[in-house]
Amino acid sequence: MPSKNEILAKLSECVIKGDVEGCKKWAKTALENNIEANEAIANGCAEGMKIVGDKFEKGEYYVPHVLLSAQAMMAAIEILKPYVKVEKSEVTGTVVLGVVEGDIHEIGKNLVKTMLEAAGFKVVDLGKDVPLTKIVETVKEMSPDIVGLSALMTTTMPNMHKCIEMLEKEGLRDKIKVIIGGAPTSREFARKIGADGWGEDASAAVNLVKNLLKPK
Amino acid sequence: MLPREHLEAILKSGKTDVVPVMPPFQGFWALDVAGLTTPQSFKDVSKTASAQLKVLEQCTFDGIEVLWDWLVPVEALGCKVDFPEKGNPITSENIVKSLEDVDKLEVPDIRKHARTVFDYEVAEALRDKIGRQHFTYITMPSPFTLAGELRGVESLLVDMMLNPADVHRLLKFTTEVLLEYLDLTVEKGFEAVFWCDPTASGDLISPDQFKEFSLPYLKVLSQKTKEKNLWVLVHICGDLLKGADRLKMIQDEVKPHLMSVDTAVDLLQAKQSMDATIILGNVSTTALLQDTPEKVYELSIDCVKKAGEDRFVLGAGCDIPVGSPPENVSAMIKAARA
Ligand code: B12
Ligand SMILES: [Zn+2]
């Protein structure tokens with residue numbers, strides 16, 4: 001019988017290789033061996049995806065590979081998700097997440113979503129190329145705790161600013177926290193447009209949300 | 001010498017006494033400057049043509065695209081398309097939902113497709129008006145980029161790794177469709193085609209994938225375009241020198257007359273990699289959108305200095321972004337004339 005570390009390493013390896021079937025198999029094996037789903041996601045899947053990200057940064061991997069790995073990871077997460085334990089002691093809350101209008105880059109947002117869900121937050125995923133009016137409407141209807149905006153292009157970054165302005169106009173800005181992310185954004189930019197926080201990657205996003213929701 | 005003569009001279013001999021300027025892609029930006037929304041721009045041929053001309057009076061390029069609605073084949077093939085207020089129509093439904101659908105695809109009769117007919121009427125109107133003085137061209141996607149629109153870029157990229165044979169069948173099909181557009185372009189008497197392959201960006205696919213899925217089909221189009229005695233211009237986004245020298249591959253295989261490179265590409269290296277090709281580039285599109293005319297001027301001068309005088313046309317690294325101040329675009333032209 002494989003050890004826990006072996007199983008997690010296999011899961012990570014299958015994510016790195018973009019092996020969808022392998023991911024499914026090792027996710028099941030993990031559950032059969034009583035490995036916590038949370039741990040399998042964090043130390044197996046996400047770990048693998050992090051390495052994929054590093055390889056991408058180094059120019060070793062190209063986008064098709066990243067996409068395939070993301071698919072493999074999602075296949076494993078699909079199997080693990082029903083078994084995810086939400087830690088009661090942790091802060092909880094609802095996050096509305098979306099990639100702003102004009103921008104279809106959603107891989108990063110999806111990772112943020114997965115990690116937030118694994119950390120026990122409820123995520124309302126509006127998808128990609130989301131009209132700003134739809135974001136505002138969703139805030140009105142669902143009164144989430146946090147709105148997370150993603151943009152991957154310099155040309156769509158201004159839409160984050162616009163979205164915050166629209167929330168202000170509707171008198172909704174004070175009721176929620178707005179966080180932003182995506183490769184071309186920065187802490188500086190977040191401050192400039194009046195967001196409450198910026199996250200460099202998916203785990204930073206989780207910490208950010210935890211901190212913002214911590215009872216004062 | 002007329003503006004177009006500078007471009008002809010450089011295309012023929014690599015030399016001319018001034019630095020020619022081409023946007024290279026101004027269409028949707030110019031419509032917006034002239035106050036015409038994208039949906040409005042498909043209504044009235046003469047209004048749409050006039051909108052371009054109005055902007056060109058201010059920004060006097062030596063050559064321009066007279067057909068900028070480059071993703072029109074997507075609609076002709078039956079995909080649903082969204083028309084935003086500004087910028088190019090966006091494919092909203094991919095017709096190749098599964099790879100089995102590839103076999104069901106049929107080459108459409110593009111001469112009966114209303115938007116195609118309209119676009120070519122605009123192009124002819126513009127060419128008839130300014131074609132004697134200015135170099136004019138038709139902008140079209142490459143087979144690879146068109147395949148991405150039909151299948152969805154993400155799916156296509158994954159298919160390339162899992163089902164390459166199906167991807168090649170799809171690429172053969174998109175090549176056929178684009179040859180129809182080439183025929184129409186020839187029939188209407190245009191002088192050049194700008195084949196664009198943004199999805200083959202150096203930031204998106206590996207050099208090996210580029211060699212396998214983009215180059216061979218671009219080569220077919222380039223050869224056919226040349227057979228018809230039209231100029232072949234090619235644009236690909238992103239850094240084409242990272243990891244491998246894709247520019248050299250393009251010169252060896254595709255052999256375009258002119259290659260338009262993105263801001264990420266080093267111009268001097270581009271000229272060395274493509275030592276028998278005219279290079280167009282590569283003023284930062286971010287600067288055009290966000291910086292001052294002074295900064296754009298400075299960046300343009302840098303490009304000219306770096307590229308040297310021969311075999312060079314000044315222009316932006318990619319589409320002129322919608323929303324760029326005309327003063328910034330003019331600054332690029334001013335720099336070429338300095
Ligand atoms: C993959 C990709 C694509 C894929 C997208 C697939 C998909 N479904 O997402 C496809 C092929 C479809 C694509 C298309 C295009 N792309 Co593209 N693409 C990329 C690429 C290579 C990688 C992006 C990515 O997925 N990164 C990996 C993820 C994991 O990282 P991430 O998104 O940054 O997310 C992390 C953090 O930022 C953070 N985060 C993200 N969101 C959020 C949100 C919150 C709230 C928080 C806290 C944190 C957070 O956490 C994430 C996980 O760690 C980049 C290049 C690059 N180097 O970034 C270009 C890039 C973004 N694309 C670019 C362009 C131009 C395009 C196109 C316009 C190309 C074209 N001419 O046709 C099109 C269409 C774009 C449109 N309308 O939106 C440009 C943008 C240039 C600019 N203006 O800024 C880039 C920079 C490439 C380039 N240099 O030219 N692209
Ligand atoms: Zn480009």
# chains A, B, ... in the order shown; residues from 1 in each chain; ligands from 1

call {"tool": "residues_near_ligand", "arguments": {"ligand": "ligand 1", "cutoff": "6 Å", "atoms": "only C-alpha atoms and all ligand atoms", "output": "PDB file with all heavy atoms, in the first residue's frame"}}
result
ATOM      1  N   VAL A  63       1.561  27.584 -22.449  1.00  0.00           N
ATOM      2  CA  VAL A  63       0.170  27.614 -21.997  1.00  0.00           C
ATOM      3  C   VAL A  63      -0.590  26.299 -22.210  1.00  0.00           C
ATOM      4  O   VAL A  63      -1.321  25.882 -21.324  1.00  0.00           O
ATOM      5  CB  VAL A  63      -0.587  28.785 -22.651  1.00  0.00           C
ATOM      6  CG1 VAL A  63      -2.025  28.797 -22.198  1.00  0.00           C
ATOM      7  CG2 VAL A  63       0.089  30.082 -22.296  1.00  0.00           C
ATOM      8  N   GLY A 102     -14.445  42.248 -20.638  1.00  0.00           N
ATOM      9  CA  GLY A 102     -13.436  42.406 -21.683  1.00  0.00           C
ATOM     10  C   GLY A 102     -12.265  41.453 -21.533  1.00  0.00           C
ATOM     11  O   GLY A 102     -11.386  41.391 -22.381  1.00  0.00           O
ATOM     12  N   ASP A 103     -12.255  40.703 -20.452  1.00  0.00           N
ATOM     13  CA  ASP A 103     -11.102  39.847 -20.160  1.00  0.00           C
ATOM     14  C   ASP A 103     -11.570  38.399 -20.003  1.00  0.00           C
ATOM     15  O   ASP A 103     -12.475  38.119 -19.229  1.00  0.00           O
ATOM     16  CB  ASP A 103     -10.442  40.327 -18.864  1.00  0.00           C
ATOM     17  CG  ASP A 103      -9.004  39.875 -18.752  1.00  0.00           C
ATOM     18  OD1 ASP A 103      -8.712  38.733 -19.167  1.00  0.00           O
ATOM     19  OD2 ASP A 103      -8.171  40.651 -18.256  1.00  0.00           O
ATOM     20  N   ILE A 104     -10.946  37.503 -20.764  1.00  0.00           N
ATOM     21  CA  ILE A 104     -11.394  36.110 -20.712  1.00  0.00           C
ATOM     22  C   ILE A 104     -10.375  35.191 -20.017  1.00  0.00           C
ATOM     23  O   ILE A 104     -10.523  33.983 -20.032  1.00  0.00           O
ATOM     24  CB  ILE A 104     -11.670  35.572 -22.129  1.00  0.00           C
ATOM     25  CG1 ILE A 104     -10.436  35.779 -23.009  1.00  0.00           C
ATOM     26  CG2 ILE A 104     -12.858  36.258 -22.766  1.00  0.00           C
ATOM     27  CD1 ILE A 104      -9.982  34.550 -23.693  1.00  0.00           C
ATOM     28  N   HIS A 105      -9.341  35.780 -19.427  1.00  0.00           N
ATOM     29  CA  HIS A 105      -8.330  34.951 -18.761  1.00  0.00           C
ATOM     30  C   HIS A 105      -8.852  34.478 -17.410  1.00  0.00           C
ATOM     31  O   HIS A 105      -8.968  35.272 -16.489  1.00  0.00           O
ATOM     32  CB  HIS A 105      -7.047  35.750 -18.563  1.00  0.00           C
ATOM     33  CG  HIS A 105      -6.400  36.145 -19.844  1.00  0.00           C
ATOM     34  ND1 HIS A 105      -6.699  37.321 -20.490  1.00  0.00           N
ATOM     35  CD2 HIS A 105      -5.476  35.513 -20.602  1.00  0.00           C
ATOM     36  CE1 HIS A 105      -5.978  37.389 -21.595  1.00  0.00           C
ATOM     37  NE2 HIS A 105      -5.235  36.311 -21.693  1.00  0.00           N
ATOM     38  N   GLU A 106      -9.127  33.189 -17.298  1.00  0.00           N
ATOM     39  CA  GLU A 106      -9.809  32.739 -16.084  1.00  0.00           C
ATOM     40  C   GLU A 106      -9.071  31.664 -15.297  1.00  0.00           C
ATOM     41  O   GLU A 106      -9.557  31.199 -14.267  1.00  0.00           O
ATOM     42  CB  GLU A 106     -11.208  32.237 -16.428  1.00  0.00           C
ATOM     43  CG  GLU A 106     -11.196  31.066 -17.394  1.00  0.00           C
ATOM     44  CD  GLU A 106     -12.571  30.442 -17.583  1.00  0.00           C
ATOM     45  OE1 GLU A 106     -13.468  30.740 -16.789  1.00  0.00           O
ATOM     46  OE2 GLU A 106     -12.714  29.665 -18.526  1.00  0.00           O
ATOM     47  N   ILE A 107      -7.916  31.261 -15.786  1.00  0.00           N
ATOM     48  CA  ILE A 107      -7.210  30.179 -15.084  1.00  0.00           C
ATOM     49  C   ILE A 107      -6.850  30.600 -13.668  1.00  0.00           C
ATOM     50  O   ILE A 107      -7.062  29.868 -12.704  1.00  0.00           O
ATOM     51  CB  ILE A 107      -5.927  29.780 -15.849  1.00  0.00           C
ATOM     52  CG1 ILE A 107      -6.296  29.294 -17.245  1.00  0.00           C
ATOM     53  CG2 ILE A 107      -5.174  28.701 -15.094  1.00  0.00           C
ATOM     54  CD1 ILE A 107      -5.102  29.112 -18.161  1.00  0.00           C
ATOM     55  N   GLY A 108      -6.315  31.804 -13.544  1.00  0.00           N
ATOM     56  CA  GLY A 108      -5.920  32.312 -12.227  1.00  0.00           C
ATOM     57  C   GLY A 108      -7.114  32.436 -11.301  1.00  0.00           C
ATOM     58  O   GLY A 108      -7.071  31.995 -10.150  1.00  0.00           O
ATOM     59  N   LYS A 109      -8.192  32.990 -11.822  1.00  0.00           N
ATOM     60  CA  LYS A 109      -9.409  33.133 -11.022  1.00  0.00           C
ATOM     61  C   LYS A 109      -9.916  31.773 -10.554  1.00  0.00           C
ATOM     62  O   LYS A 109     -10.330  31.613  -9.406  1.00  0.00           O
ATOM     63  CB  LYS A 109     -10.469  33.868 -11.861  1.00  0.00           C
ATOM     64  CG  LYS A 109     -11.780  34.181 -11.171  1.00  0.00           C
ATOM     65  CD  LYS A 109     -12.829  33.114 -11.369  1.00  0.00           C
ATOM     66  CE  LYS A 109     -13.249  32.943 -12.818  1.00  0.00           C
ATOM     67  NZ  LYS A 109     -13.993  31.703 -13.041  1.00  0.00           N
ATOM     68  N   LEU A 111      -8.206  29.125  -9.980  1.00  0.00           N
ATOM     69  CA  LEU A 111      -7.343  28.626  -8.908  1.00  0.00           C
ATOM     70  C   LEU A 111      -7.700  29.291  -7.589  1.00  0.00           C
ATOM     71  O   LEU A 111      -7.778  28.635  -6.541  1.00  0.00           O
ATOM     72  CB  LEU A 111      -5.882  28.908  -9.234  1.00  0.00           C
ATOM     73  CG  LEU A 111      -5.160  27.846 -10.027  1.00  0.00           C
ATOM     74  CD1 LEU A 111      -3.753  28.313 -10.346  1.00  0.00           C
ATOM     75  CD2 LEU A 111      -5.098  26.551  -9.223  1.00  0.00           C
ATOM     76  N   VAL A 112      -7.925  30.581  -7.659  1.00  0.00           N
ATOM     77  CA  VAL A 112      -8.302  31.327  -6.458  1.00  0.00           C
ATOM     78  C   VAL A 112      -9.597  30.742  -5.900  1.00  0.00           C
ATOM     79  O   VAL A 112      -9.727  30.496  -4.701  1.00  0.00           O
ATOM     80  CB  VAL A 112      -8.453  32.837  -6.772  1.00  0.00           C
ATOM     81  CG1 VAL A 112      -9.062  33.578  -5.585  1.00  0.00           C
ATOM     82  CG2 VAL A 112      -7.111  33.443  -7.147  1.00  0.00           C
ATOM     83  N   GLY A 148     -14.161  39.635  -5.240  1.00  0.00           N
ATOM     84  CA  GLY A 148     -12.816  39.454  -5.774  1.00  0.00           C
ATOM     85  C   GLY A 148     -12.817  39.651  -7.278  1.00  0.00           C
ATOM     86  O   GLY A 148     -13.567  39.007  -7.999  1.00  0.00           O
ATOM     87  N   LEU A 149     -11.992  40.596  -7.736  1.00  0.00           N
ATOM     88  CA  LEU A 149     -11.942  40.886  -9.170  1.00  0.00           C
ATOM     89  C   LEU A 149     -10.598  40.470  -9.737  1.00  0.00           C
ATOM     90  O   LEU A 149      -9.557  40.692  -9.126  1.00  0.00           O
ATOM     91  CB  LEU A 149     -12.144  42.387  -9.409  1.00  0.00           C
ATOM     92  CG  LEU A 149     -13.439  42.998  -8.861  1.00  0.00           C
ATOM     93  CD1 LEU A 149     -13.420  44.508  -9.074  1.00  0.00           C
ATOM     94  CD2 LEU A 149     -14.655  42.368  -9.531  1.00  0.00           C
ATOM     95  N   SER A 150     -10.648  39.891 -10.933  1.00  0.00           N
ATOM     96  CA  SER A 150      -9.419  39.460 -11.582  1.00  0.00           C
ATOM     97  C   SER A 150      -9.309  40.135 -12.949  1.00  0.00           C
ATOM     98  O   SER A 150     -10.309  40.326 -13.637  1.00  0.00           O
ATOM     99  CB  SER A 150      -9.449  37.937 -11.744  1.00  0.00           C
ATOM    100  OG  SER A 150      -8.247  37.474 -12.298  1.00  0.00           O
ATOM    101  N   LEU A 152      -6.249  40.272 -16.308  1.00  0.00           N
ATOM    102  CA  LEU A 152      -4.939  39.832 -16.793  1.00  0.00           C
ATOM    103  C   LEU A 152      -4.374  40.742 -17.869  1.00  0.00           C
ATOM    104  O   LEU A 152      -3.316  40.471 -18.415  1.00  0.00           O
ATOM    105  CB  LEU A 152      -5.050  38.400 -17.339  1.00  0.00           C
ATOM    106  CG  LEU A 152      -4.615  37.260 -16.428  1.00  0.00           C
ATOM    107  CD1 LEU A 152      -3.106  37.183 -16.313  1.00  0.00           C
ATOM    108  CD2 LEU A 152      -5.216  37.423 -15.040  1.00  0.00           C
ATOM    109  N   MET A 153      -5.106  41.778 -18.221  1.00  0.00           N
ATOM    110  CA  MET A 153      -4.612  42.641 -19.285  1.00  0.00           C
ATOM    111  C   MET A 153      -4.589  44.094 -18.816  1.00  0.00           C
ATOM    112  O   MET A 153      -5.477  44.533 -18.089  1.00  0.00           O
ATOM    113  CB  MET A 153      -5.493  42.527 -20.526  1.00  0.00           C
ATOM    114  CG  MET A 153      -5.624  41.093 -21.017  1.00  0.00           C
ATOM    115  SD  MET A 153      -6.146  40.971 -22.737  1.00  0.00           S
ATOM    116  CE  MET A 153      -7.802  41.560 -22.623  1.00  0.00           C
ATOM    117  N   THR A 154      -3.580  44.809 -19.264  1.00  0.00           N
ATOM    118  CA  THR A 154      -3.492  46.230 -18.910  1.00  0.00           C
ATOM    119  C   THR A 154      -4.731  46.971 -19.412  1.00  0.00           C
ATOM    120  O   THR A 154      -5.140  47.955 -18.814  1.00  0.00           O
ATOM    121  CB  THR A 154      -2.236  46.871 -19.543  1.00  0.00           C
ATOM    122  OG1 THR A 154      -2.188  46.486 -20.917  1.00  0.00           O
ATOM    123  CG2 THR A 154      -0.974  46.419 -18.850  1.00  0.00           C
ATOM    124  N   THR A 155      -5.302  46.453 -20.500  1.00  0.00           N
ATOM    125  CA  THR A 155      -6.460  47.132 -21.078  1.00  0.00           C
ATOM    126  C   THR A 155      -7.743  46.901 -20.288  1.00  0.00           C
ATOM    127  O   THR A 155      -8.708  47.640 -20.439  1.00  0.00           O
ATOM    128  CB  THR A 155      -6.691  46.636 -22.521  1.00  0.00           C
ATOM    129  OG1 THR A 155      -6.581  45.213 -22.532  1.00  0.00           O
ATOM    130  CG2 THR A 155      -5.662  47.221 -23.453  1.00  0.00           C
ATOM    131  N   ILE A 179     -11.382  42.912  -3.192  1.00  0.00           N
ATOM    132  CA  ILE A 179      -9.985  42.526  -3.383  1.00  0.00           C
ATOM    133  C   ILE A 179      -9.733  42.272  -4.873  1.00  0.00           C
ATOM    134  O   ILE A 179     -10.656  41.938  -5.615  1.00  0.00           O
ATOM    135  CB  ILE A 179      -9.615  41.269  -2.562  1.00  0.00           C
ATOM    136  CG1 ILE A 179     -10.455  40.062  -2.996  1.00  0.00           C
ATOM    137  CG2 ILE A 179      -9.813  41.537  -1.073  1.00  0.00           C
ATOM    138  CD1 ILE A 179     -10.001  38.755  -2.369  1.00  0.00           C
ATOM    139  N   ILE A 180      -8.512  42.481  -5.267  1.00  0.00           N
ATOM    140  CA  ILE A 180      -8.193  42.304  -6.685  1.00  0.00           C
ATOM    141  C   ILE A 180      -6.927  41.462  -6.868  1.00  0.00           C
ATOM    142  O   ILE A 180      -6.136  41.294  -5.950  1.00  0.00           O
ATOM    143  CB  ILE A 180      -8.013  43.654  -7.411  1.00  0.00           C
ATOM    144  CG1 ILE A 180      -6.765  44.384  -6.898  1.00  0.00           C
ATOM    145  CG2 ILE A 180      -9.244  44.537  -7.253  1.00  0.00           C
ATOM    146  CD1 ILE A 180      -6.234  45.429  -7.844  1.00  0.00           C
ATOM    147  N   GLY A 181      -6.756  40.970  -8.086  1.00  0.00           N
ATOM    148  CA  GLY A 181      -5.560  40.214  -8.421  1.00  0.00           C
ATOM    149  C   GLY A 181      -5.442  39.997  -9.916  1.00  0.00           C
ATOM    150  O   GLY A 181      -6.282  40.458 -10.692  1.00  0.00           O
ATOM    151  N   GLY A 182      -4.399  39.299 -10.315  1.00  0.00           N
ATOM    152  CA  GLY A 182      -4.098  39.097 -11.743  1.00  0.00           C
ATOM    153  C   GLY A 182      -2.718  39.656 -12.030  1.00  0.00           C
ATOM    154  O   GLY A 182      -2.330  40.669 -11.441  1.00  0.00           O
ATOM    155  N   ALA A 183      -1.986  38.997 -12.938  1.00  0.00           N
ATOM    156  CA  ALA A 183      -0.569  39.293 -13.138  1.00  0.00           C
ATOM    157  C   ALA A 183      -0.200  40.785 -13.287  1.00  0.00           C
ATOM    158  O   ALA A 183       0.766  41.220 -12.672  1.00  0.00           O
ATOM    159  CB  ALA A 183      -0.039  38.486 -14.308  1.00  0.00           C
ATOM    160  N   TRP A 198      -4.959  43.210  -2.141  1.00  0.00           N
ATOM    161  CA  TRP A 198      -4.416  42.645  -3.374  1.00  0.00           C
ATOM    162  C   TRP A 198      -3.761  41.313  -3.038  1.00  0.00           C
ATOM    163  O   TRP A 198      -3.106  41.181  -1.994  1.00  0.00           O
ATOM    164  CB  TRP A 198      -3.377  43.595  -3.957  1.00  0.00           C
ATOM    165  CG  TRP A 198      -2.624  43.040  -5.123  1.00  0.00           C
ATOM    166  CD1 TRP A 198      -3.080  42.895  -6.397  1.00  0.00           C
ATOM    167  CD2 TRP A 198      -1.270  42.547  -5.126  1.00  0.00           C
ATOM    168  NE1 TRP A 198      -2.100  42.345  -7.195  1.00  0.00           N
ATOM    169  CE2 TRP A 198      -0.980  42.125  -6.438  1.00  0.00           C
ATOM    170  CE3 TRP A 198      -0.284  42.414  -4.152  1.00  0.00           C
ATOM    171  CZ2 TRP A 198       0.248  41.580  -6.803  1.00  0.00           C
ATOM    172  CZ3 TRP A 198       0.945  41.866  -4.511  1.00  0.00           C
ATOM    173  CH2 TRP A 198       1.205  41.453  -5.829  1.00  0.00           C
ATOM    174  N   GLY A 199      -3.954  40.334  -3.903  1.00  0.00           N
ATOM    175  CA  GLY A 199      -3.331  39.038  -3.660  1.00  0.00           C
ATOM    176  C   GLY A 199      -2.453  38.634  -4.816  1.00  0.00           C
ATOM    177  O   GLY A 199      -2.875  38.679  -5.971  1.00  0.00           O
ATOM    178  N   GLU A 200      -1.239  38.239  -4.489  1.00  0.00           N
ATOM    179  CA  GLU A 200      -0.287  37.885  -5.547  1.00  0.00           C
ATOM    180  C   GLU A 200      -0.623  36.533  -6.174  1.00  0.00           C
ATOM    181  O   GLU A 200      -0.480  36.354  -7.378  1.00  0.00           O
ATOM    182  CB  GLU A 200       1.121  37.856  -4.969  1.00  0.00           C
ATOM    183  CG  GLU A 200       2.156  37.500  -6.024  1.00  0.00           C
ATOM    184  CD  GLU A 200       3.566  37.757  -5.545  1.00  0.00           C
ATOM    185  OE1 GLU A 200       3.774  37.808  -4.322  1.00  0.00           O
ATOM    186  OE2 GLU A 200       4.437  37.898  -6.417  1.00  0.00           O
ATOM    187  N   ASP A 201      -1.037  35.582  -5.353  1.00  0.00           N
ATOM    188  CA  ASP A 201      -1.416  34.280  -5.902  1.00  0.00           C
ATOM    189  C   ASP A 201      -2.574  33.707  -5.107  1.00  0.00           C
ATOM    190  O   ASP A 201      -3.115  34.378  -4.223  1.00  0.00           O
ATOM    191  CB  ASP A 201      -0.212  33.329  -5.929  1.00  0.00           C
ATOM    192  CG  ASP A 201       0.414  33.173  -4.550  1.00  0.00           C
ATOM    193  OD1 ASP A 201      -0.311  33.335  -3.547  1.00  0.00           O
ATOM    194  OD2 ASP A 201       1.627  32.905  -4.485  1.00  0.00           O
ATOM    195  N   ALA A 202      -2.935  32.475  -5.410  1.00  0.00           N
ATOM    196  CA  ALA A 202      -4.143  31.910  -4.811  1.00  0.00           C
ATOM    197  C   ALA A 202      -4.025  31.747  -3.299  1.00  0.00           C
ATOM    198  O   ALA A 202      -4.993  31.966  -2.568  1.00  0.00           O
ATOM    199  CB  ALA A 202      -4.478  30.580  -5.472  1.00  0.00           C
ATOM    200  N   ALA A 205      -4.486  34.964  -1.757  1.00  0.00           N
ATOM    201  CA  ALA A 205      -5.901  35.330  -1.795  1.00  0.00           C
ATOM    202  C   ALA A 205      -6.628  34.765  -0.576  1.00  0.00           C
ATOM    203  O   ALA A 205      -7.438  35.455   0.045  1.00  0.00           O
ATOM    204  CB  ALA A 205      -6.542  34.818  -3.086  1.00  0.00           C
TER     205      ALA A 205
ATOM    206  N   VAL B 153     -10.055  28.887 -28.038  1.00  0.00           N
ATOM    207  CA  VAL B 153      -8.590  28.840 -27.977  1.00  0.00           C
ATOM    208  C   VAL B 153      -8.103  27.821 -26.956  1.00  0.00           C
ATOM    209  O   VAL B 153      -7.204  27.026 -27.217  1.00  0.00           O
ATOM    210  CB  VAL B 153      -8.010  30.240 -27.663  1.00  0.00           C
ATOM    211  CG1 VAL B 153      -6.507  30.167 -27.450  1.00  0.00           C
ATOM    212  CG2 VAL B 153      -8.334  31.209 -28.784  1.00  0.00           C
ATOM    213  N   GLU B 154      -8.768  27.836 -25.801  1.00  0.00           N
ATOM    214  CA  GLU B 154      -8.317  26.927 -24.746  1.00  0.00           C
ATOM    215  C   GLU B 154      -8.427  25.472 -25.166  1.00  0.00           C
ATOM    216  O   GLU B 154      -7.506  24.689 -24.975  1.00  0.00           O
ATOM    217  CB  GLU B 154      -9.216  27.132 -23.543  1.00  0.00           C
ATOM    218  CG  GLU B 154      -8.516  27.770 -22.407  1.00  0.00           C
ATOM    219  CD  GLU B 154      -9.462  27.871 -21.252  1.00  0.00           C
ATOM    220  OE1 GLU B 154     -10.381  28.711 -21.336  1.00  0.00           O
ATOM    221  OE2 GLU B 154      -9.299  27.104 -20.306  1.00  0.00           O
ATOM    222  N   PRO B 198      -2.363  35.991 -33.876  1.00  0.00           N
ATOM    223  CA  PRO B 198      -2.160  36.319 -32.460  1.00  0.00           C
ATOM    224  C   PRO B 198      -2.160  35.093 -31.559  1.00  0.00           C
ATOM    225  O   PRO B 198      -1.477  35.064 -30.553  1.00  0.00           O
ATOM    226  CB  PRO B 198      -3.336  37.241 -32.127  1.00  0.00           C
ATOM    227  CG  PRO B 198      -4.347  36.992 -33.181  1.00  0.00           C
ATOM    228  CD  PRO B 198      -3.579  36.625 -34.414  1.00  0.00           C
ATOM    229  N   THR B 199      -2.906  34.074 -31.936  1.00  0.00           N
ATOM    230  CA  THR B 199      -3.005  32.899 -31.074  1.00  0.00           C
ATOM    231  C   THR B 199      -1.727  32.058 -31.121  1.00  0.00           C
ATOM    232  O   THR B 199      -1.469  31.259 -30.227  1.00  0.00           O
ATOM    233  CB  THR B 199      -4.266  32.088 -31.449  1.00  0.00           C
ATOM    234  OG1 THR B 199      -5.385  32.974 -31.377  1.00  0.00           O
ATOM    235  CG2 THR B 199      -4.513  30.926 -30.521  1.00  0.00           C
ATOM    236  N   ASP B 203       3.945  33.885 -26.406  1.00  0.00           N
ATOM    237  CA  ASP B 203       3.549  33.699 -25.012  1.00  0.00           C
ATOM    238  C   ASP B 203       2.570  32.543 -24.843  1.00  0.00           C
ATOM    239  O   ASP B 203       2.239  32.167 -23.731  1.00  0.00           O
ATOM    240  CB  ASP B 203       2.875  34.970 -24.476  1.00  0.00           C
ATOM    241  CG  ASP B 203       3.874  36.095 -24.336  1.00  0.00           C
ATOM    242  OD1 ASP B 203       4.961  35.842 -23.806  1.00  0.00           O
ATOM    243  OD2 ASP B 203       3.573  37.217 -24.777  1.00  0.00           O
ATOM    244  N   LEU B 204       2.047  32.041 -25.934  1.00  0.00           N
ATOM    245  CA  LEU B 204       1.006  31.021 -25.806  1.00  0.00           C
ATOM    246  C   LEU B 204       1.454  29.607 -26.157  1.00  0.00           C
ATOM    247  O   LEU B 204       1.101  28.661 -25.472  1.00  0.00           O
ATOM    248  CB  LEU B 204      -0.214  31.387 -26.657  1.00  0.00           C
ATOM    249  CG  LEU B 204      -1.113  32.503 -26.117  1.00  0.00           C
ATOM    250  CD1 LEU B 204      -2.319  32.683 -27.007  1.00  0.00           C
ATOM    251  CD2 LEU B 204      -1.566  32.211 -24.703  1.00  0.00           C
ATOM    252  N   GLY B 238       3.440  38.796 -29.362  1.00  0.00           N
ATOM    253  CA  GLY B 238       4.291  38.247 -28.315  1.00  0.00           C
ATOM    254  C   GLY B 238       5.766  38.160 -28.705  1.00  0.00           C
ATOM    255  O   GLY B 238       6.176  38.595 -29.781  1.00  0.00           O
TER     256      GLY B 238
END

call {"tool": "interface_residues", "arguments": {"of": "chain B", "to": "chain A", "cutoff": "6 Å", "atoms": "only C-alpha atoms", "output": "list in words"}}
result
Leu157, Val158, Leu204, Ile205 and Ser206 of chain B

call {"tool": "residues_around", "arguments": {"residues": "range 40-48 of chain B", "least_positions_apart": "6", "cutoff": "9 Å", "atoms": "only C-alpha atoms", "output": "PyMOL selection string"}}
result
chain B and resi 31+85+115+118-119+121-122+125-126

call {"tool": "write_last_selection", "arguments": {"atoms": "N, CA and C atoms", "output": "compact mmCIF listing (two decimals), in the first residue's frame"}}
result
# COMPACT_ATOMS: atom_id res chain seq x y z
N LEU B 31 -12.39 54.00 -35.85
CA LEU B 31 -13.85 54.10 -35.78
C LEU B 31 -14.25 54.79 -34.48
N GLU B 85 -19.48 47.68 -28.07
CA GLU B 85 -19.56 49.07 -28.54
C GLU B 85 -18.28 49.48 -29.24
N ARG B 115 -21.92 40.32 -43.98
CA ARG B 115 -20.87 41.13 -43.36
C ARG B 115 -19.59 41.10 -44.20
N PHE B 118 -20.19 43.47 -47.05
CA PHE B 118 -20.11 44.84 -46.55
C PHE B 118 -18.66 45.27 -46.33
N ASP B 119 -17.89 44.42 -45.66
CA ASP B 119 -16.50 44.75 -45.36
C ASP B 119 -15.70 45.03 -46.64
N GLU B 121 -16.93 46.01 -49.45
CA GLU B 121 -17.41 47.26 -50.07
C GLU B 121 -16.74 48.46 -49.42
N VAL B 122 -16.62 48.41 -48.09
CA VAL B 122 -15.92 49.49 -47.38
C VAL B 122 -14.47 49.55 -47.86
N ALA B 125 -14.23 51.06 -51.23
CA ALA B 125 -14.48 52.51 -51.18
C ALA B 125 -13.24 53.24 -50.71
N LEU B 126 -12.61 52.70 -49.68
CA LEU B 126 -11.41 53.36 -49.15
C LEU B 126 -10.26 53.31 -50.15

call {"tool": "closest_residue", "arguments": {"among": "B:Asp239, B:Asp310, B:Asp69, B:Glu100", "to": "Thr38 in chain B", "atoms": "only C-alpha atoms"}}
result
B:Asp69
